[in-house]
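The structure file final_37.cif is reproduced below (mmCIF, C-alpha atoms).
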```cif
data_run
#
loop_
_atom_site.label_atom_id
_atom_site.label_comp_id
_atom_site.auth_asym_id
_atom_site.auth_seq_id
_atom_site.Cartn_x
_atom_site.Cartn_y
_atom_site.Cartn_z
CA MET W 1101 115.06 134.00 98.28
CA ALA W 1102 116.86 135.45 95.31
CA CYS W 1103 116.18 133.63 92.09
CA ALA W 1104 118.60 134.52 89.31
CA ALA W 1105 118.38 133.19 85.76
CA SER W 1106 121.66 132.10 84.20
CA ALA W 1107 122.70 131.48 80.62
CA ALA W 1108 124.78 128.57 81.87
CA VAL W 1109 121.62 126.55 82.46
CA ALA W 1110 120.58 124.83 79.27
CA THR W 1111 117.01 125.17 78.11
CA VAL W 1112 115.00 122.01 78.72
CA GLY W 1113 112.71 122.37 75.73
CA LEU W 1114 109.41 121.88 77.51
CA ALA W 1115 106.37 122.35 75.29
CA VAL W 1116 103.25 123.90 76.79
CA SER W 1117 100.34 122.55 74.74
CA PRO W 1118 97.81 120.82 77.00
CA ALA W 1119 96.64 117.27 76.36
CA ALA W 1120 94.58 114.72 78.26
CA ALA W 1121 96.36 111.81 79.90
CA ALA W 1122 96.17 108.50 78.09
CA PRO W 1123 94.95 105.38 79.90
CA ALA W 1124 97.53 103.55 81.98
CA THR W 1125 99.40 100.85 80.12
CA THR W 1126 98.58 97.20 80.67
CA THR W 1127 101.84 95.88 79.18
CA GLN W 1128 104.70 94.71 81.38
CA ALA W 1129 107.51 97.23 81.83
CA GLU W 1130 110.68 96.09 80.07
CA PRO W 1131 113.81 98.10 79.17
CA GLY W 1132 113.20 99.70 75.80
CA GLY W 1133 109.53 98.68 75.75
CA ALA W 1134 106.78 101.09 74.80
CA CYS W 1135 104.92 103.08 77.47
CA THR W 1136 102.22 105.76 77.42
CA ALA W 1137 101.92 109.29 78.81
CA ALA W 1138 99.98 107.88 81.78
CA ASP W 1139 103.12 105.95 82.75
CA LEU W 1140 105.20 109.10 83.13
CA GLY W 1141 104.34 109.18 86.84
CA THR W 1142 105.10 105.53 87.52
CA ARG W 1143 108.13 103.31 87.97
CA HIS W 1144 108.81 99.58 88.13
CA PRO W 1145 111.80 97.67 89.51
CA TYR W 1146 114.20 95.47 87.66
CA ILE W 1147 116.81 93.27 89.32
CA LYS W 1148 120.40 94.20 88.55
CA SER W 1149 122.21 91.63 90.72
CA SER W 1150 121.44 88.80 93.14
CA GLU W 1151 123.51 86.74 95.56
CA VAL W 1152 122.26 83.71 97.49
CA THR W 1153 124.18 82.85 100.67
CA PRO W 1154 123.35 79.93 102.98
CA THR W 1155 123.23 81.47 106.46
CA ILE W 1156 122.98 79.97 109.93
CA THR W 1157 120.64 81.97 112.15
CA HIS W 1158 120.83 79.76 115.30
CA PHE W 1159 123.41 77.18 116.41
CA LYS W 1160 124.48 75.01 119.33
CA GLY W 1161 127.22 72.40 119.61
CA TRP W 1162 125.90 69.30 121.40
CA TYR W 1163 127.50 66.06 122.55
CA VAL W 1164 125.45 62.86 122.66
CA THR W 1165 126.67 59.87 124.69
CA GLU W 1166 125.51 56.25 124.45
CA GLY W 1167 122.97 56.74 127.17
CA SER W 1168 121.63 60.08 125.98
CA ALA W 1169 120.48 59.19 122.43
CA GLY W 1170 116.84 59.71 121.47
CA THR W 1171 114.68 62.79 121.07
CA GLN W 1172 115.93 65.92 122.78
CA SER W 1173 115.06 69.62 122.64
CA VAL W 1174 118.15 71.81 122.52
CA ASN W 1175 118.10 75.58 123.04
CA THR W 1176 120.18 77.19 120.27
CA SER W 1177 121.89 80.60 120.37
CA VAL W 1178 121.41 83.40 117.83
CA GLN W 1179 124.12 83.53 115.17
CA THR W 1180 122.69 86.26 112.96
CA THR W 1181 119.39 88.06 112.35
CA ILE W 1182 118.22 88.70 108.80
CA SER W 1183 115.68 91.47 108.16
CA VAL W 1184 113.80 91.97 104.92
CA SER W 1185 114.43 95.42 103.46
CA VAL W 1186 114.30 97.32 100.19
CA GLY W 1187 116.13 100.60 99.66
CA LEU W 1188 117.02 103.09 102.37
CA THR W 1189 113.94 102.74 104.52
CA GLY W 1190 114.48 99.27 105.91
CA ASN W 1191 110.74 98.65 105.52
CA VAL W 1192 108.52 96.90 103.02
CA GLU W 1193 105.25 98.77 102.88
CA GLY W 1194 104.82 100.07 99.32
CA SER W 1195 103.94 98.47 96.02
CA PHE W 1196 107.45 99.05 94.62
CA GLU W 1197 109.03 97.05 97.45
CA PHE W 1198 106.57 94.17 97.03
CA GLU W 1199 107.17 94.11 93.29
CA THR W 1200 110.94 94.19 93.77
CA LEU W 1201 110.99 91.18 96.09
CA GLY W 1202 108.50 89.34 93.88
CA LYS W 1203 110.84 89.77 90.93
CA VAL W 1204 113.77 88.56 93.02
CA GLY W 1205 111.98 85.31 93.82
CA ALA W 1206 110.83 84.81 90.24
CA SER W 1207 114.27 85.45 88.76
CA LEU W 1208 115.95 82.97 91.13
CA GLY W 1209 113.17 80.40 91.28
CA LEU W 1210 113.08 80.71 95.08
CA ASN W 1211 110.24 81.24 97.53
CA VAL W 1212 111.49 84.39 99.30
CA GLN W 1213 109.90 86.63 101.90
CA VAL W 1214 108.06 89.57 100.32
CA ASN W 1215 106.80 91.25 103.50
CA TYR W 1216 108.70 93.08 106.21
CA THR W 1217 109.86 90.37 108.62
CA SER W 1218 113.06 89.01 110.16
CA THR W 1219 114.50 85.83 111.54
CA SER W 1220 114.26 85.42 115.30
CA SER W 1221 116.62 87.54 117.38
CA THR W 1222 116.20 85.35 120.46
CA SER W 1223 117.27 81.82 121.35
CA THR W 1224 114.99 79.10 120.01
CA SER W 1225 114.90 75.34 120.51
CA VAL W 1226 115.49 72.56 117.98
CA THR W 1227 113.94 69.16 118.68
CA TRP W 1228 115.89 66.26 117.15
CA ASN W 1229 115.95 62.47 117.40
CA PHE W 1230 119.61 61.54 118.00
CA ARG W 1231 120.11 57.96 116.77
CA ASN W 1232 123.86 57.72 117.36
CA PRO W 1233 126.27 59.13 119.92
CA GLY W 1234 128.72 61.84 118.80
CA TYR W 1235 129.36 65.52 118.36
CA TYR W 1236 126.47 67.38 116.66
CA GLY W 1237 125.74 70.87 115.51
CA LEU W 1238 122.08 71.77 115.90
CA TYR W 1239 121.04 74.64 113.69
CA LYS W 1240 118.39 76.78 112.12
CA GLY W 1241 119.24 78.45 108.86
CA THR W 1242 118.05 79.93 105.61
CA LYS W 1243 119.28 81.24 102.29
CA LYS W 1244 119.95 84.95 102.56
CA VAL W 1245 119.28 86.75 99.29
CA THR W 1246 120.87 90.15 98.67
CA GLY W 1247 121.45 92.30 95.61
CA THR W 1248 120.75 95.56 93.86
CA TYR W 1249 117.81 96.86 91.87
CA GLY W 1250 117.17 99.68 89.46
CA SER W 1251 113.98 101.32 88.30
CA LEU W 1252 112.31 101.55 84.93
CA ASN W 1253 110.73 104.91 84.21
CA CYS W 1254 108.76 106.13 81.23
CA ASN W 1255 110.48 108.91 79.29
CA ARG W 1256 110.81 110.25 75.76
CA VAL W 1257 113.53 108.70 73.60
CA GLN W 1258 114.67 109.91 70.20
CA GLN W 1259 114.62 107.23 67.51
CA GLY W 1260 117.23 106.67 64.84
CA ASP W 1261 115.09 108.47 62.26
CA GLY W 1262 114.81 111.56 64.45
CA SER W 1263 111.27 110.86 65.66
CA TRP W 1264 110.37 110.56 69.35
CA ALA W 1265 108.65 107.79 71.29
CA LEU W 1266 107.88 106.97 74.91
CA LYS W 1267 109.99 104.09 76.22
CA TRP W 1268 110.80 102.42 79.51
CA ILE W 1269 114.32 103.58 80.39
CA GLU W 1270 116.63 102.92 83.30
CA GLY W 1271 115.82 105.54 85.91
CA ALA W 1272 118.40 107.42 87.92
CA ASP W 1273 117.63 105.75 91.26
CA THR W 1274 119.05 102.42 92.41
CA GLY W 1275 119.16 100.58 95.72
CA SER W 1276 119.80 97.32 97.50
CA TYR W 1277 117.52 94.65 98.95
CA THR W 1278 117.72 91.81 101.46
CA THR W 1279 115.35 88.90 101.90
CA PHE W 1280 115.52 85.20 102.77
CA THR W 1281 113.94 81.83 102.00
CA THR W 1282 112.05 79.42 104.25
CA LEU W 1283 113.83 78.53 107.50
CA GLU W 1284 115.30 75.05 107.88
CA GLU W 1285 116.45 73.25 111.02
CA GLY W 1286 118.39 70.09 111.69
CA ALA W 1287 121.51 68.46 113.12
CA VAL W 1288 124.80 67.57 111.47
CA ARG W 1289 127.97 65.74 112.56
CA CYS W 1290 131.58 66.24 111.46
CA GLU W 1291 131.65 62.90 109.64
CA ASP W 1292 128.42 63.51 107.64
CA LYS W 1293 128.77 64.01 103.89
CA VAL W 1294 126.73 67.08 102.99
CA PRO W 1295 126.35 69.15 99.79
CA ALA W 1296 128.80 72.00 99.32
CA ASN W 1297 127.39 75.52 99.75
CA SER W 1298 124.35 74.18 101.62
CA ILE W 1299 122.82 75.34 104.89
CA MET W 1300 123.87 72.05 106.48
CA ARG W 1301 127.46 72.58 105.32
CA LYS W 1302 127.48 76.06 106.87
CA ALA W 1303 126.40 74.51 110.17
CA GLN W 1304 129.08 71.84 109.87
CA ASP W 1305 131.71 74.57 109.38
CA LEU W 1306 130.80 75.92 112.84
CA LEU W 1307 131.49 72.59 114.56
CA ASP W 1308 135.27 72.99 115.06
CA CYS W 1309 135.65 69.57 113.51
CA GLY W 1310 139.44 69.85 113.42
CA SER W 1311 139.69 70.46 117.15
CA ALA W 1312 140.10 67.95 119.95
CA THR W 1313 136.50 68.64 121.00
CA ALA W 1314 135.18 66.64 118.08
CA THR W 1315 137.01 63.45 119.04
CA ALA W 1316 137.51 63.67 122.79
CA LYS W 1317 135.10 62.10 125.22
CA HIS W 1318 132.69 64.65 126.59
CA PRO W 1319 129.71 64.58 128.94
CA ALA W 1320 126.30 64.76 127.30
CA GLY W 1321 125.15 68.32 126.64
CA PRO W 1322 126.42 71.61 125.21
CA VAL W 1323 129.87 71.97 123.69
CA PRO W 1324 131.36 75.44 123.14
CA SER W 1325 132.32 76.28 119.55
CA ALA W 1326 134.94 78.96 119.03
CA LYS W 1327 134.00 79.24 115.35
CA ALA W 1328 130.33 79.77 116.16
CA ALA W 1329 131.16 82.38 118.79
CA GLU W 1330 133.40 84.28 116.37
CA ALA W 1331 130.85 84.08 113.53
CA GLY W 1332 128.07 85.33 115.83
CA HIS W 1333 130.22 88.25 116.97
CA GLU W 1334 131.01 89.29 113.38
CA ALA W 1335 127.34 89.04 112.38
CA GLU W 1336 126.32 91.23 115.32
CA LYS W 1337 128.83 93.93 114.33
CA ALA W 1338 127.63 93.84 110.70
CA ALA W 1339 123.98 94.13 111.77
CA LYS W 1340 124.74 97.16 113.96
CA ALA W 1341 126.58 98.86 111.12
CA GLU W 1342 123.71 98.19 108.69
CA LYS W 1343 121.14 99.52 111.16
CA SER W 1344 123.20 102.66 111.71
CA VAL W 1345 123.21 103.39 107.97
CA LYS W 1346 119.47 102.84 107.55
CA THR W 1347 118.43 104.95 110.52
CA THR W 1348 120.51 107.94 109.51
CA GLY W 1349 118.03 110.60 108.44
CA SER W 1350 118.47 113.18 105.74
CA PRO W 1351 120.66 115.95 107.18
CA ALA W 1352 119.32 119.46 107.55
CA PRO W 1353 119.84 121.33 104.29
CA ALA W 1354 122.66 123.82 104.08
CA THR W 1355 121.22 127.26 103.38
CA ARG W 1356 122.26 128.87 100.11
CA ALA W 1357 121.93 132.54 99.21
CA ALA W 1358 120.52 132.08 95.70
CA LEU W 1359 119.28 129.52 93.23
CA ASP W 1360 120.28 129.34 89.59
CA CYS W 1361 116.76 129.39 88.15
CA GLN W 1362 115.51 129.37 84.60
CA PRO W 1363 113.40 132.43 83.71
CA ALA W 1364 110.34 130.44 82.60
CA VAL W 1365 107.46 130.20 85.10
CA TYR W 1366 105.13 127.17 85.12
CA LYS W 1367 101.98 125.78 86.60
CA ILE W 1368 101.98 122.06 87.38
CA ASP W 1369 98.51 121.09 86.18
CA VAL W 1370 96.32 118.02 86.23
CA PRO W 1371 96.03 117.37 82.46
CA GLY W 1372 92.99 119.05 80.93
CA LYS W 1373 91.57 120.11 84.32
CA PRO W 1374 91.58 123.34 86.38
CA LEU W 1375 93.42 122.16 89.49
CA ASN W 1376 97.19 122.51 89.86
CA TRP W 1377 99.96 122.40 92.47
CA SER W 1378 99.68 125.23 95.00
CA ALA W 1379 102.32 125.80 97.68
CA PRO W 1380 101.28 126.27 101.34
CA LEU W 1381 101.22 129.55 103.23
CA LEU W 1382 101.63 127.77 106.59
CA ALA W 1383 104.80 125.85 107.45
CA ASN W 1384 102.88 122.82 108.74
CA ASP W 1385 100.77 122.47 105.59
CA GLY W 1386 101.53 120.73 102.32
CA ILE W 1387 101.36 121.35 98.58
CA ARG W 1388 97.76 120.88 97.47
CA LEU W 1389 95.66 120.83 94.33
CA ARG W 1390 94.00 124.24 93.94
CA GLU W 1391 92.30 126.18 91.20
CA SER W 1392 94.13 129.35 90.14
CA ASN W 1393 92.33 132.63 90.80
CA TRP W 1394 93.11 136.19 91.90
CA THR W 1395 93.92 134.99 95.44
CA SER W 1396 96.58 132.52 94.32
CA ALA W 1397 99.35 135.10 94.96
CA HIS W 1398 101.86 133.17 92.81
CA LEU W 1399 101.59 130.10 95.10
CA ASP W 1400 100.75 128.14 91.92
CA ASN W 1401 103.81 129.46 90.05
CA TRP W 1402 106.99 127.37 89.92
CA ARG W 1403 110.45 127.70 88.42
CA LEU W 1404 113.02 125.01 87.63
CA CYS W 1405 116.31 125.75 89.37
CA ASN W 1406 119.84 124.30 89.36
CA VAL W 1407 118.79 122.24 86.34
CA THR W 1408 120.89 119.37 85.04
CA GLU W 1409 120.04 116.76 82.44
CA ARG W 1410 121.34 113.21 81.98
CA ASN W 1411 120.16 110.71 79.39
CA GLY W 1412 117.16 112.90 78.64
CA VAL W 1413 116.01 113.11 82.28
CA ILE W 1414 115.93 116.52 83.96
CA GLU W 1415 116.98 116.98 87.58
CA ALA W 1416 115.86 120.22 89.20
CA SER W 1417 114.71 122.00 92.32
CA LEU W 1418 111.14 123.33 92.18
CA TRP W 1419 111.14 126.92 93.50
CA ASN W 1420 107.80 128.49 94.40
CA TRP W 1421 107.30 132.15 93.48
CA GLY W 1422 104.62 132.70 96.11
CA ASN W 1423 106.44 131.65 99.31
CA GLY W 1424 110.07 131.50 98.13
CA GLY W 1425 110.50 127.89 99.27
CA CYS W 1426 111.50 124.72 97.44
CA ALA W 1427 109.30 121.66 97.09
CA THR W 1428 110.42 118.86 99.40
CA VAL W 1429 109.37 115.72 101.24
CA PRO W 1430 109.56 116.32 105.03
CA ALA W 1431 112.65 114.50 106.35
CA ASP W 1432 110.85 112.91 109.31
CA ILE W 1433 108.36 111.08 107.05
CA ALA W 1434 110.48 110.69 103.92
CA ASN W 1435 110.52 106.89 104.24
CA GLN W 1436 106.72 106.62 104.27
CA GLU W 1437 104.37 105.64 101.48
CA GLN W 1438 102.01 108.57 100.75
CA ALA W 1439 104.13 111.13 102.61
CA TYR W 1440 102.97 114.58 101.51
CA LEU W 1441 105.01 117.25 99.73
CA THR W 1442 105.55 120.69 101.24
CA THR W 1443 107.96 123.59 100.77
CA ALA W 1444 110.96 124.53 102.88
CA THR W 1445 113.88 126.92 102.85
CA CYS W 1446 115.89 126.01 99.77
CA GLY W 1447 119.12 124.19 100.53
CA GLU W 1448 121.56 121.54 99.38
CA ASP W 1449 119.31 118.54 100.03
CA ASP W 1450 118.35 115.60 97.80
CA LEU W 1451 114.88 115.69 99.33
CA GLN W 1452 114.45 118.95 97.39
CA ARG W 1453 115.68 117.52 94.11
CA PHE W 1454 113.32 115.97 91.59
CA TYR W 1455 113.68 114.00 88.36
CA ILE W 1456 111.31 115.08 85.60
CA TYR W 1457 110.28 112.57 82.92
CA ARG W 1458 108.83 114.09 79.75
CA ASP W 1459 106.39 113.21 77.00
CA VAL W 1460 107.36 113.48 73.32
CA PRO W 1461 107.94 117.02 71.97
CA GLY W 1462 104.67 118.86 71.40
CA SER W 1463 103.22 117.59 74.68
CA SER W 1464 103.82 119.15 78.09
CA LYS W 1465 103.04 116.04 80.13
CA ILE W 1466 105.55 115.07 82.79
CA GLY W 1467 106.14 112.62 85.63
CA VAL W 1468 107.96 113.73 88.79
CA GLN W 1469 110.19 111.64 91.08
CA ASN W 1470 111.93 112.57 94.32
CA LYS W 1471 115.69 112.01 94.08
CA TYR W 1472 116.29 110.92 97.68
CA THR W 1473 113.38 108.53 98.18
CA GLY W 1474 112.96 107.38 94.58
CA PHE W 1475 109.18 107.65 95.04
CA MET W 1476 106.98 109.08 92.30
CA ILE W 1477 104.74 112.09 92.92
CA GLY W 1478 100.95 111.98 92.52
CA HIS W 1479 97.64 112.50 94.29
CA ASP W 1480 95.09 110.11 95.75
CA ARG W 1481 92.03 111.68 94.19
CA TYR W 1482 91.16 114.67 92.05
CA ALA W 1483 89.68 117.18 94.50
CA ASP W 1484 90.23 120.78 95.55
CA GLY W 1485 92.57 120.80 98.54
CA GLU W 1486 93.91 117.28 97.94
CA LEU W 1487 97.53 116.88 99.11
CA ILE W 1488 100.30 116.06 96.64
CA ARG W 1489 101.98 112.88 97.89
CA GLN W 1490 104.72 110.38 97.07
CA TYR W 1491 104.04 106.79 96.04
CA SER W 1492 106.75 104.14 95.78
CA SER W 1493 105.55 102.89 92.37
CA GLY W 1494 103.59 105.99 91.44
CA ARG W 1495 99.89 106.13 90.67
CA GLN W 1496 99.14 103.34 88.22
CA ASP W 1497 95.83 104.98 87.20
CA GLY W 1498 97.65 107.87 85.53
CA THR W 1499 97.05 110.42 88.30
CA GLY W 1500 100.80 110.92 88.62
CA THR W 1501 101.00 112.44 85.16
CA TYR W 1502 100.95 116.27 85.15
CA THR W 1503 101.46 119.04 82.61
CA LEU W 1504 104.09 121.74 82.94
CA THR W 1505 102.20 124.74 81.56
CA GLY W 1506 104.06 127.95 80.86
CA VAL W 1507 102.60 131.05 82.52
#
```
Would you write out, as structure tokens, the structure that this file holds?
Amino acid sequence: MACAASAAVATVGLAVSPAAAAPATTTQAEPGGACTAADLGTRHPYIKSSEVTPTITHFKGWYVTEGSAGTQSVNTSVQTTISVSVGLTGNVEGSFEFETLGKVGASLGLNVQVNYTSTSSTSTSVTWNFRNPGYYGLYKGTKKVTGTYGSLNCNRVQQGDGSWALKWIEGADTGSYTTFTTLEEGAVRCEDKVPANSIMRKAQDLLDCGSATATAKHPAGPVPSAKAAEAGHEAEKAAKAEKSVKTTGSPAPATRAALDCQPAVYKIDVPGKPLNWSAPLLANDGIRLRESNWTSAHLDNWRLCNVTERNGVIEASLWNWGNGGCATVPADIANQEQAYLTTATCGEDDLQRFYIYRDVPGSSKIGVQNKYTGFMIGHDRYADGELIRQYSSGRQDGTGTYTLTGV
């Protein structure tokens, strides 16, 4: 892999003086709030938008005659299935996802689902005591909550007087979420007065109240609803489209002949300690913490390539001098909490791109975030041979803070 330095790439001004990581902050992350060097390897969500939509998950039109009043159990048909998801993965398994959904509920004052779950995708029954004859819609429903989130990351910010401080800033990654409130069930008639924009009103809209079905005599039992059938069909198409998007994996990277690398060579160290990132020799191994010695063979030497910078945050590929590969998260496990980092043939792939958050000038401490997954990079414990992994919120104990030490 050719690695050519270019004058077109701006210097990133990374200092190389070592310093020990500060304790993790105990203050709540807020835009513009103070953070510490230990927070460089962490992120927290903030809610950018929210929309609450009453949604019918199951429905059945039902006609009750004079002789059929009383308690009945009616089997309803699926209208739509709502699955809880955060970001691209469609799962809720990491601390960032839990925190995101928790903030959604708190901001709206609603009790929403914060674990991976979904409404039933099969027919279910509703038991109801019918007091009067007439045309009813039996339903199960919930409030579907959707929106977008951003992340707060710790990074250096220049003050008005020219000094520098660490602040929580809006990170580069954003995403969308879906969740829902507690399920409700009931029955509603065309003539019932119900609150606008309520679950009951949504069920009433499916009754075809303007049609002859609502007023004509009808035998006791199910009544077809054209509106319900159409709504169910549209929901099914939307669900298939959403699933198709979420299951699309990261494409294989397009091979490129050369990287535009800066000339500086770095070690990515644990602050104040001997171990640092070392690339694997074997394709099925990962990047691990190792101590540099005469056998390292440049596997602990890294260059920043194809560097860009936006709002003080660097984006770069991490090219390894020892094996000629680029740091990446394996595509087949990219959606997993604690997926390990490895190296692969360098290519045009967001899994090989990383955001670098920096300490104030004079310190070489950094935090690292994968562009595609949004997860922060860290390690589970300080030990020789320990794999470097990704964590959705980062390592809150400060073990996601590293130093970029010039070689």
Check your understanding: Can you list, as a VMD selection string, every protein, DNA or RNA residue that comes within 10 Å of segment 1315-1331 of chain W when you count only C-alpha atoms, leaving out same-chain residues fewer than 6 positions away?
Key -> chain W and resid 1156 1158 to 1169 1174 to 1180 1233 to 1237 1290 1303 1305 to 1309
**Study point:** Who sits within 12 Å of Ser1417 of chain W, all atoms listed in the file, same chain under 3 positions skipped, as a VMD selection string
**Key:** chain W and resid 1103 1359 to 1362 1402 to 1408 1414 1420 1425 to 1428 1443 to 1456 1468 to 1471
Check your understanding: Just so the selection is clear, what residues does the PyMOL selection byres ((chain W and resi 1207-1212) around 10) cover here, as a list in words?
Key -> Ile1147, Ser1150, Glu1151, Val1152, Val1184, Leu1201, Gly1202, Lys1203, Val1204, Gly1205, Ala1206, Gln1213, Val1214, Asn1215, Lys1243, Lys1244, Val1245, Thr1278, Thr1279, Phe1280, Thr1281 and Thr1282 of chain W
Exercise for review: Calculate how many Å separate atom CA of Asp1459 of chain W from atom CA of His1398 of chain W, rounding to one decimal.
Suggested key: 25.9 Å
Exercise for review: Write out as a PyMOL selection string each polymer residue whose atoms come within 8 Å of Ala1129 of chain W, counting only C-alpha atoms; drop sequence neighbours fewer than 2 positions from it.
Suggested key: chain W and resi 1127+1131+1133+1135+1144+1252+1268
Review point. What is the atom CA of Gln1490 of chain W-atom CA of Glu1391 of chain W distance in Å, reported with one decimal?
Key: 20.9 Å
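Using only C-alpha atoms, the nearest neighbour of Asp1484 of chain W within the list W:Lys1373, W:Lys1240, W:Arg1301, W:Arg1231 is W:Lys1373.
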Check your understanding: Between W:Gly1250, W:Ala1431, W:Ser1149, W:Tyr1216, which one has atoms that come closest to Glu1193 of chain W, using all atoms listed in the file?
Key -> W:Tyr1216
**Study point:** Residues returned when the PyMOL selection byres ((chain W and resi 1432-1436) around 8) runs on this file, as a PyMOL selection string
**Key:** chain W and resi 1188-1189+1349+1429-1431+1437-1439+1473
Exercise for review: For Arg1458 of chain W, please output as a ChimeraX atom specification all residues within 9 Å (counting all atoms listed in the file; exclusion window: fewer than 6 positions along the same chain).
Suggested key: /W:1114,1137,1140,1254-1256,1266,1412-1414,1464-1467
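Here the PyMOL selection byres ((chain W and resi 1285) around 7) matches the residues Tyr1239, Lys1240, Gly1241, Leu1283, Glu1284 and Gly1286 of chain W.
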Could you make a table, as CSV, of the residues of segment 1389-1502 of chain W that have an atom within 12 Å of an atom of segment 1374-1380 of chain W, each with its nearest atom pair and distance in Å to one decimal, counting all atoms listed in the file, in chain and number order?
```
residue,atom,partner,partner_atom,distance
W:Leu1389,CA,W:Trp1377,CA,4.9
W:Arg1390,CA,W:Leu1375,CA,4.9
W:Glu1391,CA,W:Leu1375,CA,4.5
W:Ser1392,CA,W:Leu1375,CA,7.3
W:Asn1393,CA,W:Pro1374,CA,10.3
W:Thr1395,CA,W:Ser1378,CA,11.3
W:Ser1396,CA,W:Ser1378,CA,8.0
W:Ala1397,CA,W:Ser1378,CA,9.9
W:His1398,CA,W:Ser1378,CA,8.5
W:Leu1399,CA,W:Ala1379,CA,5.1
W:Asp1400,CA,W:Ser1378,CA,4.4
W:Asn1401,CA,W:Ser1378,CA,7.7
W:Trp1402,CA,W:Trp1377,CA,9.0
W:Leu1418,CA,W:Ala1379,CA,10.7
W:Trp1419,CA,W:Ala1379,CA,9.8
W:Asn1420,CA,W:Ala1379,CA,6.9
W:Trp1421,CA,W:Ala1379,CA,9.1
W:Gly1422,CA,W:Ala1379,CA,7.4
W:Asn1423,CA,W:Ala1379,CA,7.3
W:Gly1424,CA,W:Ala1379,CA,9.6
W:Gly1425,CA,W:Ala1379,CA,8.6
W:Cys1426,CA,W:Ala1379,CA,9.2
W:Ala1427,CA,W:Ala1379,CA,8.1
W:Thr1428,CA,W:Ala1379,CA,10.8
W:Tyr1440,CA,W:Pro1380,CA,11.8
W:Leu1441,CA,W:Ala1379,CA,9.2
W:Thr1442,CA,W:Ala1379,CA,7.0
W:Thr1443,CA,W:Ala1379,CA,6.8
W:Ala1444,CA,W:Pro1380,CA,10.0
W:Ile1477,CA,W:Trp1377,CA,11.4
W:Gly1478,CA,W:Trp1377,CA,10.5
W:His1479,CA,W:Trp1377,CA,10.3
W:Arg1481,CA,W:Leu1375,CA,11.6
W:Tyr1482,CA,W:Leu1375,CA,8.2
W:Ala1483,CA,W:Leu1375,CA,8.0
W:Asp1484,CA,W:Leu1375,CA,7.0
W:Gly1485,CA,W:Ser1378,CA,9.1
W:Glu1486,CA,W:Trp1377,CA,9.6
W:Leu1487,CA,W:Trp1377,CA,9.0
W:Ile1488,CA,W:Trp1377,CA,7.6
W:Arg1489,CA,W:Trp1377,CA,11.1
W:Thr1501,CA,W:Asn1376,CA,11.7
W:Tyr1502,CA,W:Asn1376,CA,8.7
```
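The gap separating atom CA of Gly1332 of chain W from atom CA of Phe1230 of chain W is 25.3 Å, in Å to one decimal.
The nearest approach to Gly1498 of chain W among the residues W:Pro1295, W:Gly1271, W:Gly1141, W:Gly1247, with all atoms listed in the file taken into account, belongs to W:Gly1141.
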Review point. Which residue, W:Val1365, W:Val1192, W:Ile1387, W:Leu1238, has the smallest gap to Val1226 of chain W when you use all atoms listed in the file?
Key: W:Leu1238
Check your understanding: Which protein, DNA or RNA residues are at most 7 Å from (109.3, 105.3, 94.6) in the file's coordinates when you count all atoms listed in the file, listed as a ChimeraX atom specification?
Key -> /W:1196,1473-1476,1491-1494
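Proximity ranking of W:Val1257, W:Leu1504, W:Ala1272, W:Ile1299 relative to Arg1410 of chain W places W:Ala1272 first, based on only C-alpha atoms.
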Just segment 1257-1280 of chain W, please, as an mmCIF file, in the first residue's frame (only C-alpha atoms).
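Everything below was put into out_13.cif:
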```cif
data_model
loop_
_atom_site.group_PDB
_atom_site.id
_atom_site.type_symbol
_atom_site.label_atom_id
_atom_site.label_comp_id
_atom_site.auth_asym_id
_atom_site.auth_seq_id
_atom_site.Cartn_x
_atom_site.Cartn_y
_atom_site.Cartn_z
ATOM 1 C CA VAL W 1257 -13.137 24.476 21.910
ATOM 2 C CA GLN W 1258 -11.379 27.817 21.585
ATOM 3 C CA GLN W 1259 -12.788 30.531 23.844
ATOM 4 C CA GLY W 1260 -13.356 34.142 22.933
ATOM 5 C CA ASP W 1261 -10.142 35.168 24.691
ATOM 6 C CA GLY W 1262 -8.087 32.689 22.677
ATOM 7 C CA SER W 1263 -7.783 30.102 25.444
ATOM 8 C CA TRP W 1264 -8.939 26.490 25.041
ATOM 9 C CA ALA W 1265 -11.345 24.386 27.080
ATOM 10 C CA LEU W 1266 -12.971 20.972 26.833
ATOM 11 C CA LYS W 1267 -16.691 21.205 26.062
ATOM 12 C CA TRP W 1268 -19.528 18.918 25.070
ATOM 13 C CA ILE W 1269 -20.121 19.605 21.374
ATOM 14 C CA GLU W 1270 -22.530 18.205 18.817
ATOM 15 C CA GLY W 1271 -20.829 15.181 17.307
ATOM 16 C CA ALA W 1272 -20.829 14.339 13.634
ATOM 17 C CA ASP W 1273 -23.101 11.293 13.893
ATOM 18 C CA THR W 1274 -26.898 11.398 13.949
ATOM 19 C CA GLY W 1275 -29.627 8.802 13.595
ATOM 20 C CA SER W 1276 -33.286 7.992 14.024
ATOM 21 C CA TYR W 1277 -35.236 6.050 16.636
ATOM 22 C CA THR W 1278 -38.612 4.329 16.972
ATOM 23 C CA THR W 1279 -40.400 3.263 20.121
ATOM 24 C CA PHE W 1280 -43.956 3.101 21.453
#
```
